[in-house]
Structures are given as C-alpha cells and as structure tokens.
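The data block below is protein-v8.cif; it holds mmCIF, C-alpha atoms and all ligand atoms; chains and numbers go by the auth columns.
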data_my_file
#
loop_
_atom_site.group_PDB
_atom_site.id
_atom_site.type_symbol
_atom_site.label_atom_id
_atom_site.label_comp_id
_atom_site.label_asym_id
_atom_site.label_seq_id
_atom_site.Cartn_x
_atom_site.Cartn_y
_atom_site.Cartn_z
_atom_site.B_iso_or_equiv
_atom_site.auth_seq_id
_atom_site.auth_asym_id
ATOM 1 C CA MET A 1 118.437 -109.303 4.951 0.00 1 A
ATOM 2 C CA PRO A 2 122.066 -109.119 3.739 0.00 2 A
ATOM 3 C CA GLN A 3 124.855 -109.383 6.306 0.00 3 A
ATOM 4 C CA ALA A 4 125.609 -105.661 5.986 0.00 4 A
ATOM 5 C CA ALA A 5 122.271 -104.974 7.745 0.00 5 A
ATOM 6 C CA GLU A 6 123.876 -106.335 10.946 0.00 6 A
ATOM 7 C CA TYR A 7 127.196 -104.486 10.525 0.00 7 A
ATOM 8 C CA SER A 8 128.836 -103.100 13.662 0.00 8 A
ATOM 9 C CA ALA A 9 132.391 -102.068 14.527 0.00 9 A
ATOM 10 C CA VAL A 10 133.742 -99.987 17.391 0.00 10 A
ATOM 11 C CA GLU A 11 136.637 -97.594 16.854 0.00 11 A
ATOM 12 C CA ALA A 12 138.650 -95.312 19.111 0.00 12 A
ATOM 13 C CA LEU A 13 138.869 -91.737 17.848 0.00 13 A
ATOM 14 C CA ALA A 14 141.986 -89.590 18.201 0.00 14 A
ATOM 15 C CA ASP A 15 140.439 -87.855 21.250 0.00 15 A
ATOM 16 C CA GLY A 16 140.021 -91.214 23.005 0.00 16 A
ATOM 17 C CA ARG A 17 136.224 -91.343 22.586 0.00 17 A
ATOM 18 C CA HIS A 18 134.678 -94.431 21.089 0.00 18 A
ATOM 19 C CA VAL A 19 132.402 -94.477 18.101 0.00 19 A
ATOM 20 C CA GLU A 20 130.304 -97.375 16.888 0.00 20 A
ATOM 21 C CA ILE A 21 129.983 -97.540 13.129 0.00 21 A
ATOM 22 C CA ARG A 22 126.908 -99.647 12.502 0.00 22 A
ATOM 23 C CA ALA A 23 124.142 -100.373 10.041 0.00 23 A
ATOM 24 C CA LEU A 24 121.214 -97.973 10.133 0.00 24 A
ATOM 25 C CA LYS A 25 118.164 -99.630 11.720 0.00 25 A
ATOM 26 C CA PRO A 26 114.511 -98.917 10.935 0.00 26 A
ATOM 27 C CA ASP A 27 113.992 -97.660 14.505 0.00 27 A
ATOM 28 C CA ASP A 28 116.778 -95.063 14.074 0.00 28 A
ATOM 29 C CA ARG A 29 114.264 -92.722 12.409 0.00 29 A
ATOM 30 C CA ASP A 30 113.899 -90.309 15.348 0.00 30 A
ATOM 31 C CA ALA A 31 117.599 -90.402 16.247 0.00 31 A
ATOM 32 C CA LEU A 32 118.479 -89.674 12.624 0.00 32 A
ATOM 33 C CA LEU A 33 116.092 -86.714 12.502 0.00 33 A
ATOM 34 C CA ALA A 34 117.559 -85.486 15.811 0.00 34 A
ATOM 35 C CA ALA A 35 121.033 -85.608 14.234 0.00 35 A
ATOM 36 C CA VAL A 36 119.778 -83.628 11.228 0.00 36 A
ATOM 37 C CA GLY A 37 118.305 -81.118 13.680 0.00 37 A
ATOM 38 C CA ARG A 38 121.766 -80.609 15.223 0.00 38 A
ATOM 39 C CA THR A 39 123.482 -80.173 11.843 0.00 39 A
ATOM 40 C CA SER A 40 124.253 -76.634 10.661 0.00 40 A
ATOM 41 C CA ALA A 41 122.659 -74.996 7.634 0.00 41 A
ATOM 42 C CA GLN A 42 126.068 -74.983 5.906 0.00 42 A
ATOM 43 C CA SER A 43 126.581 -78.704 6.435 0.00 43 A
ATOM 44 C CA LEU A 44 123.053 -79.489 5.213 0.00 44 A
ATOM 45 C CA TYR A 45 123.724 -77.287 2.169 0.00 45 A
ATOM 46 C CA ARG A 46 126.931 -79.193 1.454 0.00 46 A
ATOM 47 C CA ARG A 47 125.127 -82.526 1.859 0.00 47 A
ATOM 48 C CA PHE A 48 122.038 -81.694 -0.201 0.00 48 A
ATOM 49 C CA PHE A 49 123.382 -79.018 -2.585 0.00 49 A
ATOM 50 C CA GLY A 50 120.753 -76.560 -1.453 0.00 50 A
ATOM 51 C CA ALA A 51 119.102 -75.017 1.606 0.00 51 A
ATOM 52 C CA ARG A 52 117.040 -77.584 3.498 0.00 52 A
ATOM 53 C CA ARG A 53 114.694 -76.826 6.384 0.00 53 A
ATOM 54 C CA GLY A 54 112.849 -80.110 6.517 0.00 54 A
ATOM 55 C CA PHE A 55 112.089 -83.319 4.702 0.00 55 A
ATOM 56 C CA THR A 56 108.876 -84.850 3.397 0.00 56 A
ATOM 57 C CA GLU A 57 107.672 -88.189 4.749 0.00 57 A
ATOM 58 C CA GLN A 58 108.657 -89.700 1.398 0.00 58 A
ATOM 59 C CA GLU A 59 112.205 -88.374 1.709 0.00 59 A
ATOM 60 C CA ILE A 60 112.476 -89.613 5.300 0.00 60 A
ATOM 61 C CA ALA A 61 111.277 -93.058 4.204 0.00 61 A
ATOM 62 C CA PHE A 62 113.970 -93.070 1.512 0.00 62 A
ATOM 63 C CA PHE A 63 116.649 -92.291 4.107 0.00 63 A
ATOM 64 C CA VAL A 64 115.438 -94.859 6.653 0.00 64 A
ATOM 65 C CA ASP A 65 114.125 -97.810 4.611 0.00 65 A
ATOM 66 C CA VAL A 66 117.348 -99.141 3.169 0.00 66 A
ATOM 67 C CA ASP A 67 117.710 -102.666 1.760 0.00 67 A
ATOM 68 C CA PHE A 68 121.528 -103.016 2.169 0.00 68 A
ATOM 69 C CA VAL A 69 121.773 -104.126 -1.467 0.00 69 A
ATOM 70 C CA SER A 70 120.903 -101.187 -3.709 0.00 70 A
ATOM 71 C CA HIS A 71 121.059 -98.765 -0.794 0.00 71 A
ATOM 72 C CA THR A 72 123.323 -99.179 2.244 0.00 72 A
ATOM 73 C CA ALA A 73 123.490 -96.805 5.191 0.00 73 A
ATOM 74 C CA LEU A 74 125.804 -96.631 8.196 0.00 74 A
ATOM 75 C CA VAL A 75 125.550 -94.424 11.254 0.00 75 A
ATOM 76 C CA ALA A 76 128.230 -93.301 13.690 0.00 76 A
ATOM 77 C CA SER A 77 126.930 -93.664 17.221 0.00 77 A
ATOM 78 C CA VAL A 78 128.597 -91.987 20.214 0.00 78 A
ATOM 79 C CA GLU A 79 127.658 -91.809 23.869 0.00 79 A
ATOM 80 C CA GLU A 80 126.366 -88.587 25.366 0.00 80 A
ATOM 81 C CA ASP A 81 125.551 -88.709 29.076 0.00 81 A
ATOM 82 C CA GLY A 82 125.603 -92.484 28.893 0.00 82 A
ATOM 83 C CA ARG A 83 123.111 -92.644 26.015 0.00 83 A
ATOM 84 C CA PRO A 84 123.855 -93.463 22.376 0.00 84 A
ATOM 85 C CA VAL A 85 123.278 -90.647 19.900 0.00 85 A
ATOM 86 C CA ILE A 86 123.855 -90.481 16.163 0.00 86 A
ATOM 87 C CA ALA A 87 126.820 -88.223 15.377 0.00 87 A
ATOM 88 C CA GLY A 88 126.858 -88.872 11.640 0.00 88 A
ATOM 89 C CA GLY A 89 126.074 -91.167 8.791 0.00 89 A
ATOM 90 C CA ALA A 90 127.170 -92.284 5.368 0.00 90 A
ATOM 91 C CA ARG A 91 125.386 -94.168 2.654 0.00 91 A
ATOM 92 C CA TYR A 92 125.707 -95.447 -0.843 0.00 92 A
ATOM 93 C CA VAL A 93 123.120 -95.922 -3.536 0.00 93 A
ATOM 94 C CA VAL A 94 123.924 -98.220 -6.437 0.00 94 A
ATOM 95 C CA VAL A 95 123.565 -96.163 -9.622 0.00 95 A
ATOM 96 C CA ALA A 96 124.870 -98.642 -12.223 0.00 96 A
ATOM 97 C CA PRO A 97 126.242 -102.190 -12.120 0.00 97 A
ATOM 98 C CA GLY A 98 129.353 -102.121 -9.898 0.00 98 A
ATOM 99 C CA LYS A 99 129.018 -98.407 -9.158 0.00 99 A
ATOM 100 C CA ALA A 100 127.476 -96.580 -6.196 0.00 100 A
ATOM 101 C CA GLU A 101 127.123 -92.938 -5.223 0.00 101 A
ATOM 102 C CA VAL A 102 128.153 -92.060 -1.677 0.00 102 A
ATOM 103 C CA ALA A 103 127.066 -89.255 0.631 0.00 103 A
ATOM 104 C CA PHE A 104 128.136 -88.273 4.133 0.00 104 A
ATOM 105 C CA ALA A 105 127.017 -86.033 6.973 0.00 105 A
ATOM 106 C CA VAL A 106 128.493 -85.579 10.436 0.00 106 A
ATOM 107 C CA VAL A 107 126.930 -83.373 13.130 0.00 107 A
ATOM 108 C CA ASP A 108 129.026 -80.188 13.261 0.00 108 A
ATOM 109 C CA GLU A 109 130.161 -80.476 16.868 0.00 109 A
ATOM 110 C CA TYR A 110 131.758 -83.825 15.934 0.00 110 A
ATOM 111 C CA HIS A 111 133.600 -82.568 12.842 0.00 111 A
ATOM 112 C CA GLY A 112 137.345 -83.084 12.628 0.00 112 A
ATOM 113 C CA ARG A 113 137.539 -86.063 14.991 0.00 113 A
ATOM 114 C CA GLY A 114 137.906 -88.744 12.351 0.00 114 A
ATOM 115 C CA ILE A 115 134.256 -89.858 12.194 0.00 115 A
ATOM 116 C CA GLY A 116 133.973 -89.077 8.478 0.00 116 A
ATOM 117 C CA ALA A 117 137.116 -91.085 7.785 0.00 117 A
ATOM 118 C CA ALA A 118 135.862 -94.019 9.870 0.00 118 A
ATOM 119 C CA LEU A 119 132.519 -94.023 8.027 0.00 119 A
ATOM 120 C CA MET A 120 134.416 -93.940 4.715 0.00 120 A
ATOM 121 C CA ARG A 121 136.582 -96.915 5.647 0.00 121 A
ATOM 122 C CA HIS A 122 133.681 -99.092 6.746 0.00 122 A
ATOM 123 C CA LEU A 123 131.420 -98.090 3.858 0.00 123 A
ATOM 124 C CA ALA A 124 134.195 -98.886 1.358 0.00 124 A
ATOM 125 C CA ALA A 125 134.784 -102.283 3.005 0.00 125 A
ATOM 126 C CA ILE A 126 131.067 -103.138 2.753 0.00 126 A
ATOM 127 C CA ALA A 127 130.923 -101.917 -0.857 0.00 127 A
ATOM 128 C CA ARG A 128 133.935 -104.015 -1.810 0.00 128 A
ATOM 129 C CA LYS A 129 132.453 -107.081 -0.133 0.00 129 A
ATOM 130 C CA ALA A 130 129.241 -106.491 -2.071 0.00 130 A
ATOM 131 C CA GLY A 131 131.270 -106.658 -5.297 0.00 131 A
ATOM 132 C CA LEU A 132 131.127 -102.974 -6.149 0.00 132 A
ATOM 133 C CA LYS A 133 134.051 -101.607 -8.167 0.00 133 A
ATOM 134 C CA GLN A 134 133.625 -97.852 -7.925 0.00 134 A
ATOM 135 C CA LEU A 135 132.297 -95.258 -5.523 0.00 135 A
ATOM 136 C CA VAL A 136 131.408 -91.864 -6.931 0.00 136 A
ATOM 137 C CA ALA A 137 130.382 -88.585 -5.356 0.00 137 A
ATOM 138 C CA GLU A 138 129.553 -85.043 -6.293 0.00 138 A
ATOM 139 C CA VAL A 139 131.123 -82.493 -3.983 0.00 139 A
ATOM 140 C CA LEU A 140 130.884 -78.713 -3.888 0.00 140 A
ATOM 141 C CA PRO A 141 134.298 -77.278 -4.879 0.00 141 A
ATOM 142 C CA ASP A 142 134.809 -75.504 -1.513 0.00 142 A
ATOM 143 C CA ASN A 143 134.014 -78.649 0.508 0.00 143 A
ATOM 144 C CA ILE A 144 137.613 -79.333 1.554 0.00 144 A
ATOM 145 C CA PRO A 145 136.731 -81.654 4.494 0.00 145 A
ATOM 146 C CA MET A 146 134.785 -84.040 2.231 0.00 146 A
ATOM 147 C CA LEU A 147 137.536 -84.038 -0.390 0.00 147 A
ATOM 148 C CA ARG A 148 140.049 -84.658 2.409 0.00 148 A
ATOM 149 C CA VAL A 149 138.038 -87.675 3.669 0.00 149 A
ATOM 150 C CA PHE A 150 138.133 -89.153 0.151 0.00 150 A
ATOM 151 C CA GLU A 151 141.871 -88.469 -0.142 0.00 151 A
ATOM 152 C CA LYS A 152 142.743 -90.014 3.186 0.00 152 A
ATOM 153 C CA SER A 153 140.749 -93.182 2.361 0.00 153 A
ATOM 154 C CA GLY A 154 143.876 -94.272 0.499 0.00 154 A
ATOM 155 C CA LEU A 155 141.732 -95.560 -2.389 0.00 155 A
ATOM 156 C CA PRO A 156 142.798 -94.599 -5.916 0.00 156 A
ATOM 157 C CA LEU A 157 141.043 -91.280 -6.490 0.00 157 A
ATOM 158 C CA THR A 158 140.108 -89.432 -9.659 0.00 158 A
ATOM 159 C CA THR A 159 138.578 -85.969 -9.572 0.00 159 A
ATOM 160 C CA LYS A 160 137.021 -83.947 -12.350 0.00 160 A
ATOM 161 C CA ARG A 161 136.580 -80.294 -11.501 0.00 161 A
ATOM 162 C CA GLU A 162 133.786 -78.182 -12.930 0.00 162 A
ATOM 163 C CA PRO A 163 132.956 -74.664 -11.778 0.00 163 A
ATOM 164 C CA GLU A 164 129.961 -75.795 -9.694 0.00 164 A
ATOM 165 C CA VAL A 165 130.908 -79.335 -8.705 0.00 165 A
ATOM 166 C CA VAL A 166 133.787 -81.770 -8.286 0.00 166 A
ATOM 167 C CA HIS A 167 133.089 -85.293 -9.571 0.00 167 A
ATOM 168 C CA VAL A 168 134.969 -87.815 -7.447 0.00 168 A
ATOM 169 C CA ARG A 169 135.644 -91.438 -8.309 0.00 169 A
ATOM 170 C CA LEU A 170 137.192 -93.955 -5.936 0.00 170 A
ATOM 171 C CA ASP A 171 138.282 -97.335 -7.263 0.00 171 A
ATOM 172 C CA LEU A 172 137.665 -100.302 -4.991 0.00 172 A
ATOM 173 C CA GLY A 173 139.876 -102.584 -7.080 0.00 173 A
HETATM 174 C C1 LIG B . 132.607 -83.926 5.153 0.00 201 B
HETATM 175 C C2 LIG B . 132.348 -84.463 6.563 0.00 201 B
HETATM 176 C C3 LIG B . 131.426 -85.668 6.481 0.00 201 B
HETATM 177 C C4 LIG B . 133.695 -84.881 7.177 0.00 201 B
HETATM 178 O O1 LIG B . 133.438 -85.447 8.438 0.00 201 B
HETATM 179 P P1 LIG B . 134.496 -85.373 9.636 0.00 201 B
HETATM 180 O O2 LIG B . 134.048 -86.304 10.684 0.00 201 B
HETATM 181 O O3 LIG B . 134.738 -83.968 10.011 0.00 201 B
HETATM 182 O O4 LIG B . 135.788 -85.969 8.890 0.00 201 B
HETATM 183 P P2 LIG B . 137.220 -86.279 9.484 0.00 201 B
HETATM 184 O O5 LIG B . 137.347 -85.732 10.868 0.00 201 B
HETATM 185 O O6 LIG B . 137.482 -87.726 9.277 0.00 201 B
HETATM 186 O O7 LIG B . 138.164 -85.514 8.465 0.00 201 B
HETATM 187 C C5 LIG B . 137.960 -84.180 8.069 0.00 201 B
HETATM 188 C C6 LIG B . 139.240 -83.702 7.386 0.00 201 B
HETATM 189 O O8 LIG B . 139.023 -82.457 6.785 0.00 201 B
HETATM 190 C C7 LIG B . 139.998 -81.559 7.282 0.00 201 B
HETATM 191 N N1 LIG B . 139.452 -80.230 7.249 0.00 201 B
HETATM 192 C C8 LIG B . 138.382 -79.755 7.884 0.00 201 B
HETATM 193 N N2 LIG B . 138.175 -78.484 7.570 0.00 201 B
HETATM 194 C C9 LIG B . 139.154 -78.145 6.710 0.00 201 B
HETATM 195 C C10 LIG B . 139.509 -76.965 6.039 0.00 201 B
HETATM 196 N N3 LIG B . 138.771 -75.880 6.161 0.00 201 B
HETATM 197 N N4 LIG B . 140.580 -77.004 5.232 0.00 201 B
HETATM 198 C C11 LIG B . 141.322 -78.111 5.100 0.00 201 B
HETATM 199 N N5 LIG B . 141.034 -79.274 5.708 0.00 201 B
HETATM 200 C C12 LIG B . 139.968 -79.281 6.501 0.00 201 B
HETATM 201 C C13 LIG B . 140.301 -82.042 8.656 0.00 201 B
HETATM 202 O O9 LIG B . 141.505 -81.526 9.131 0.00 201 B
HETATM 203 C C14 LIG B . 140.352 -83.547 8.405 0.00 201 B
HETATM 204 O O10 LIG B . 141.551 -83.954 7.772 0.00 201 B
HETATM 205 P P3 LIG B . 142.807 -84.532 8.613 0.00 201 B
HETATM 206 O O11 LIG B . 142.334 -85.787 9.278 0.00 201 B
HETATM 207 O O12 LIG B . 143.833 -84.752 7.575 0.00 201 B
HETATM 208 O O13 LIG B . 143.168 -83.477 9.611 0.00 201 B
HETATM 209 C C15 LIG B . 131.736 -83.362 7.464 0.00 201 B
HETATM 210 O O14 LIG B . 132.549 -82.223 7.395 0.00 201 B
HETATM 211 C C16 LIG B . 130.305 -82.998 7.098 0.00 201 B
HETATM 212 O O15 LIG B . 129.350 -83.595 7.572 0.00 201 B
HETATM 213 N N6 LIG B . 130.146 -81.985 6.214 0.00 201 B
HETATM 214 C C17 LIG B . 128.802 -81.563 5.814 0.00 201 B
HETATM 215 C C18 LIG B . 128.123 -82.547 4.885 0.00 201 B
HETATM 216 C C19 LIG B . 128.913 -82.781 3.627 0.00 201 B
HETATM 217 O O16 LIG B . 129.733 -81.956 3.219 0.00 201 B
HETATM 218 N N7 LIG B . 128.662 -83.896 2.951 0.00 201 B
HETATM 219 C C20 LIG B . 129.340 -84.247 1.735 0.00 201 B
HETATM 220 C C21 LIG B . 128.391 -84.430 0.593 0.00 201 B
HETATM 221 S S1 LIG B . 128.871 -85.869 -0.329 0.00 201 B
#
Can the structure from this file be put into structure tokens for me?
Amino acid sequence: MPQAAEYSAVEALADGRHVEIRALKPDDRDALLAAVGRTSAQSLYRRFFGARRGFTEQEIAFFVDVDFVSHTALVASVEEDGRPVIAGGARYVVVAPGKAEVAFAVVDEYHGRGIGAALMRHLAAIARKAGLKQLVAEVLPDNIPMLRVFEKSGLPLTTKREPEVVHVRLDLG
C-alpha cells in the first residue's frame, strides 16, 4: 500500500477542537455511512449533483475500497463523547495523467469550522507528493462554501462558469 494509506495529521480548529485528518480505512464503512446519514439533503445534493436517499452496495464499495494511487480518500475525525466520529471527507480520483478530480463533504453541524479547508490542504499535499499537477472539480454555481474552500487553499485557481456548473482547476505546481 502507498504511504498515503497511513496518512494522519492532527489539527486544531478555530473553536479549539481537534480534528484528525487521516486516510480512510476499509473498516470505516459504517462510520462513513453514519456520517452520510447525518448530512443534509442540500449538502448531499451539492456533493452528488442530485437528490440521494441511499447508495447501492457497488457505490459504497467504490467509496470505501480506495487504492491511494488512482483514488485517495481522507476523513476528518472528531471526538464526540470521547469517541471518534467522521465529520467529513475528501477524495480525489485520477482522471488523466497528472490530473485528479476532487470532491468534499462535511457533516452540516460541522460546517464553517475549517474542516473543509483542512481536508483541502492535506489532500493537495498528498496529491503533490504523488506527482499530480492539477486538481479539478465541478461545483454548483450557488455552492459558495466549496468555492471559498478552493479559494482559501492559496493554490492558483482557474474557474470556468457555465449556467449549471462551475469548472474549477487548481494548479499544484
Ligand atoms: C463545501 C464544504 C465541504 C465546506 O466545508 P467546511 O468545513 O464548511 O469548510 P470551511 O469551514 O473550511 O470553509 C467554508 C467557507 O465557506 C464560507 N461560507 C459558508 N457559507 C457561506 C455563504 N453562504 N456565503 C459565503 N461564504 C460562505 C465560510 O465562511 C468559510 O469561509 P471562511 O473560512 O473564509 O469564513 C461543506 O460546506 C459541505 O460539505 N458542503 C456540501 C457538500 C459539497 O458541497 N461538496 C462539494 C462538491 S465538490
């Protein structure tokens, strides 16, 4: 397994809480589904570009069985009542040589605390180390928080606006 499969870093959020940004593990399946269960319909719509009520076993396997080469996934883990829970996640899928598509989701009650930005930073660092040159994303035009996370990454950013979607490109240099 590549080194990214063992990735772990702890960060302090602005509210003083700690978050561990770490590689997704195969046994995170249930915790990941629990996080999806706590995510609002609007957030799931923004993540999947459509209403989602559930996922097929095949889709769940795609989310959980990542190889950390063509597909890399991080989770943000926080403590609730002394137990770790998944508050969000981010992943990239390599779509062409040197280029990967990213996607993010944070459980609504944890929005606005810097978890999205932390996931972005760590995912970009892993992507750069893996030799990737570009991260791309498709974002709904009204999804200001996601666009803001890309902006505050500090990476050179190019956006192409269409009526239904904003194409984002981040250069890893
Ligand atoms: C996009 C998402 C991952 C961001 O996660 P997060 O943990 O809230 O991100 P952060 O706290 O790091 O940053 C959010 C930024 O958006 C800003 N923001 C939030 N709502 C906003 C609004 N309505 N208008 C303007 N800015 C807004 C926040 O103020 C913050 O910026 P700041 O640090 O400059 O104040 C999260 O909102 C989410 O899961 N959305 C649903 C799924 C999704 O949209 N996925 C993207 C598909 S690629």
Taking only residues of chain A that have an atom at most 10 Å from an atom of ligand LIG 201 (chain B), what is each one's shortest atom pair and its distance in Å to one decimal, using all atoms listed in the file, in chain and number order, as a Markdown table?
| residue | atom | partner | partner_atom | distance |
| --- | --- | --- | --- | --- |
| A:Leu13 | CA | B:LIG201 | O5 | 9.3 |
| A:Ala14 | CA | B:LIG201 | O5 | 9.5 |
| A:Thr39 | CA | B:LIG201 | O15 | 8.0 |
| A:Ser40 | CA | B:LIG201 | C17 | 8.3 |
| A:Ala41 | CA | B:LIG201 | C17 | 9.2 |
| A:Gln42 | CA | B:LIG201 | C17 | 7.1 |
| A:Ser43 | CA | B:LIG201 | C17 | 3.7 |
| A:Leu44 | CA | B:LIG201 | C18 | 5.9 |
| A:Tyr45 | CA | B:LIG201 | C18 | 7.4 |
| A:Arg46 | CA | B:LIG201 | O16 | 4.3 |
| A:Arg47 | CA | B:LIG201 | N7 | 3.9 |
| A:Phe48 | CA | B:LIG201 | C21 | 7.0 |
| A:Phe49 | CA | B:LIG201 | C21 | 8.0 |
| A:Ala76 | CA | B:LIG201 | O2 | 9.6 |
| A:Ala87 | CA | B:LIG201 | O2 | 8.8 |
| A:Gly88 | CA | B:LIG201 | O15 | 7.1 |
| A:Gly89 | CA | B:LIG201 | C3 | 8.0 |
| A:Ala90 | CA | B:LIG201 | C3 | 7.9 |
| A:Arg91 | CA | B:LIG201 | S1 | 9.5 |
| A:Glu101 | CA | B:LIG201 | S1 | 8.8 |
| A:Val102 | CA | B:LIG201 | S1 | 6.4 |
| A:Ala103 | CA | B:LIG201 | S1 | 4.0 |
| A:Phe104 | CA | B:LIG201 | N7 | 4.6 |
| A:Ala105 | CA | B:LIG201 | O15 | 3.4 |
| A:Val106 | CA | B:LIG201 | O15 | 3.6 |
| A:Val107 | CA | B:LIG201 | O15 | 6.1 |
| A:Asp108 | CA | B:LIG201 | O15 | 6.6 |
| A:Glu109 | CA | B:LIG201 | O3 | 9.0 |
| A:Tyr110 | CA | B:LIG201 | O2 | 6.2 |
| A:His111 | CA | B:LIG201 | O3 | 3.4 |
| A:Gly112 | CA | B:LIG201 | O5 | 3.2 |
| A:Arg113 | CA | B:LIG201 | O5 | 4.1 |
| A:Gly114 | CA | B:LIG201 | O6 | 3.3 |
| A:Ile115 | CA | B:LIG201 | O2 | 3.9 |
| A:Gly116 | CA | B:LIG201 | O2 | 3.5 |
| A:Ala117 | CA | B:LIG201 | O6 | 3.7 |
| A:Ala118 | CA | B:LIG201 | O6 | 6.5 |
| A:Leu119 | CA | B:LIG201 | O6 | 8.1 |
| A:Met120 | CA | B:LIG201 | O6 | 8.3 |
| A:Arg121 | CA | B:LIG201 | O6 | 9.9 |
| A:Val136 | CA | B:LIG201 | S1 | 9.3 |
| A:Ala137 | CA | B:LIG201 | S1 | 5.9 |
| A:Glu138 | CA | B:LIG201 | S1 | 6.1 |
| A:Val139 | CA | B:LIG201 | S1 | 5.5 |
| A:Leu140 | CA | B:LIG201 | C21 | 7.7 |
| A:Asp142 | CA | B:LIG201 | N3 | 8.6 |
| A:Asn143 | CA | B:LIG201 | O16 | 6.1 |
| A:Ile144 | CA | B:LIG201 | N4 | 5.3 |
| A:Pro145 | CA | B:LIG201 | O8 | 3.3 |
| A:Met146 | CA | B:LIG201 | C1 | 3.6 |
| A:Leu147 | CA | B:LIG201 | C1 | 7.4 |
| A:Arg148 | CA | B:LIG201 | O8 | 5.0 |
| A:Val149 | CA | B:LIG201 | O7 | 5.3 |
| A:Phe150 | CA | B:LIG201 | O7 | 9.1 |
| A:Glu151 | CA | B:LIG201 | O12 | 8.8 |
| A:Lys152 | CA | B:LIG201 | O12 | 6.9 |
| A:Ser153 | CA | B:LIG201 | O6 | 9.4 |
| A:Val168 | CA | B:LIG201 | S1 | 9.6 |
### Task
For the structure shown, which residues end up in the PyMOL selection byres (((chain A and resi 60) around 12) and not hetatm)? Put them as JSON, numbers by chain, please?
{"A": [26, 28, 29, 30, 32, 33, 36, 54, 55, 56, 57, 58, 59, 61, 62, 63, 64, 65, 66]}
### Residues within 6 Å of (122.5, -86.9, 18.7), counting only C-alpha atoms, listed as a ChimeraX atom specification
/A:34-35,85-87
### Task
Please evaluate the PyMOL selection byres (((chain A and resi 99) around 8) and not hetatm) against the displayed coordinates and give the resulting residues as a PyMOL selection string.
chain A and resi 94-98+100-101+132-136
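Across the model, the gap from CA of Ser77 (chain A) to CA of Leu172 (chain A) is 25.5 Å.
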### Task
Please provide the set of residues having any atom within 9 Å of Ala4 (chain A), restricted to only C-alpha atoms, with same-chain residues fewer than 4 positions apart removed, written as a PyMOL selection string.
chain A and resi 8+22-23+68-69+72+126+130
### Task
Could you jot down the CA of Ala127 (chain A) to CA of Gly173 (chain A) separation for me, Å, one decimal place?
10.9 Å
### Query
Do you know which residues lie at most 9 Å from (135.8, -74.6, -9.0), with coordinates as in the file and only C-alpha atoms counted, and could you write them as a PyMOL selection string?
chain A and resi 140-142+161-166
Could you give me the axis-aligned bounding box of region 93-112 of chain A, with 4 Å of padding per side, as centre plus edge lengths in Å to one decimal, as JSON?
{"center_x": 130.2, "center_y": -91.2, "center_z": 2.3, "size_x": 22.2, "size_y": 30.0, "size_z": 37.1}
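Of note, CA of Leu74 (chain A) and CA of Leu123 (chain A) are spaced 7.2 Å apart.
Under the PyMOL selection byres (((chain A and resi 158) around 7) and not hetatm), the matching residues in the shown file are Pro156, Leu157, Thr159, Lys160, Val168, Arg169 and Leu170 of chain A.
Residue nearest Ala124 (chain A) within the list A:Asp171, A:Asp67, A:Asp27, A:Glu11: A:Asp171 [criterion: smallest interatomic distance, only C-alpha atoms].
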Complete region 140-151 of chain A with N, CA, C and O atoms (output as a PDB file, in the coordinates of the input).
ATOM      1  N   LEU A 140     130.721 -80.137  -3.573  1.00  0.00           N
ATOM      2  CA  LEU A 140     130.884 -78.713  -3.888  1.00  0.00           C
ATOM      3  C   LEU A 140     132.373 -78.361  -3.842  1.00  0.00           C
ATOM      4  O   LEU A 140     133.097 -78.862  -2.972  1.00  0.00           O
ATOM      5  N   PRO A 141     132.851 -77.518  -4.773  1.00  0.00           N
ATOM      6  CA  PRO A 141     134.298 -77.278  -4.879  1.00  0.00           C
ATOM      7  C   PRO A 141     134.946 -76.757  -3.597  1.00  0.00           C
ATOM      8  O   PRO A 141     136.124 -77.013  -3.358  1.00  0.00           O
ATOM      9  N   ASP A 142     134.191 -76.038  -2.740  1.00  0.00           N
ATOM     10  CA  ASP A 142     134.809 -75.504  -1.513  1.00  0.00           C
ATOM     11  C   ASP A 142     134.706 -76.480  -0.333  1.00  0.00           C
ATOM     12  O   ASP A 142     135.086 -76.138   0.787  1.00  0.00           O
ATOM     13  N   ASN A 143     134.219 -77.691  -0.591  1.00  0.00           N
ATOM     14  CA  ASN A 143     134.014 -78.649   0.508  1.00  0.00           C
ATOM     15  C   ASN A 143     135.298 -79.453   0.766  1.00  0.00           C
ATOM     16  O   ASN A 143     135.400 -80.644   0.470  1.00  0.00           O
ATOM     17  N   ILE A 144     136.293 -78.735   1.314  1.00  0.00           N
ATOM     18  CA  ILE A 144     137.613 -79.333   1.554  1.00  0.00           C
ATOM     19  C   ILE A 144     137.534 -80.554   2.495  1.00  0.00           C
ATOM     20  O   ILE A 144     138.174 -81.567   2.231  1.00  0.00           O
ATOM     21  N   PRO A 145     136.756 -80.487   3.595  1.00  0.00           N
ATOM     22  CA  PRO A 145     136.731 -81.654   4.494  1.00  0.00           C
ATOM     23  C   PRO A 145     136.273 -82.939   3.793  1.00  0.00           C
ATOM     24  O   PRO A 145     136.849 -84.009   4.019  1.00  0.00           O
ATOM     25  N   MET A 146     135.258 -82.824   2.924  1.00  0.00           N
ATOM     26  CA  MET A 146     134.785 -84.040   2.231  1.00  0.00           C
ATOM     27  C   MET A 146     135.853 -84.552   1.279  1.00  0.00           C
ATOM     28  O   MET A 146     136.130 -85.762   1.221  1.00  0.00           O
ATOM     29  N   LEU A 147     136.484 -83.623   0.543  1.00  0.00           N
ATOM     30  CA  LEU A 147     137.536 -84.038  -0.390  1.00  0.00           C
ATOM     31  C   LEU A 147     138.696 -84.676   0.377  1.00  0.00           C
ATOM     32  O   LEU A 147     139.287 -85.661  -0.061  1.00  0.00           O
ATOM     33  N   ARG A 148     138.959 -84.128   1.566  1.00  0.00           N
ATOM     34  CA  ARG A 148     140.049 -84.658   2.409  1.00  0.00           C
ATOM     35  C   ARG A 148     139.712 -86.087   2.880  1.00  0.00           C
ATOM     36  O   ARG A 148     140.589 -86.958   2.917  1.00  0.00           O
ATOM     37  N   VAL A 149     138.451 -86.324   3.240  1.00  0.00           N
ATOM     38  CA  VAL A 149     138.038 -87.675   3.669  1.00  0.00           C
ATOM     39  C   VAL A 149     138.256 -88.665   2.513  1.00  0.00           C
ATOM     40  O   VAL A 149     138.751 -89.775   2.726  1.00  0.00           O
ATOM     41  N   PHE A 150     137.916 -88.259   1.295  1.00  0.00           N
ATOM     42  CA  PHE A 150     138.133 -89.153   0.151  1.00  0.00           C
ATOM     43  C   PHE A 150     139.633 -89.399  -0.060  1.00  0.00           C
ATOM     44  O   PHE A 150     140.055 -90.528  -0.280  1.00  0.00           O
ATOM     45  N   GLU A 151     140.412 -88.326   0.041  1.00  0.00           N
ATOM     46  CA  GLU A 151     141.871 -88.469  -0.142  1.00  0.00           C
ATOM     47  C   GLU A 151     142.474 -89.418   0.884  1.00  0.00           C
ATOM     48  O   GLU A 151     143.276 -90.281   0.564  1.00  0.00           O
TER      49      GLU A 151
END
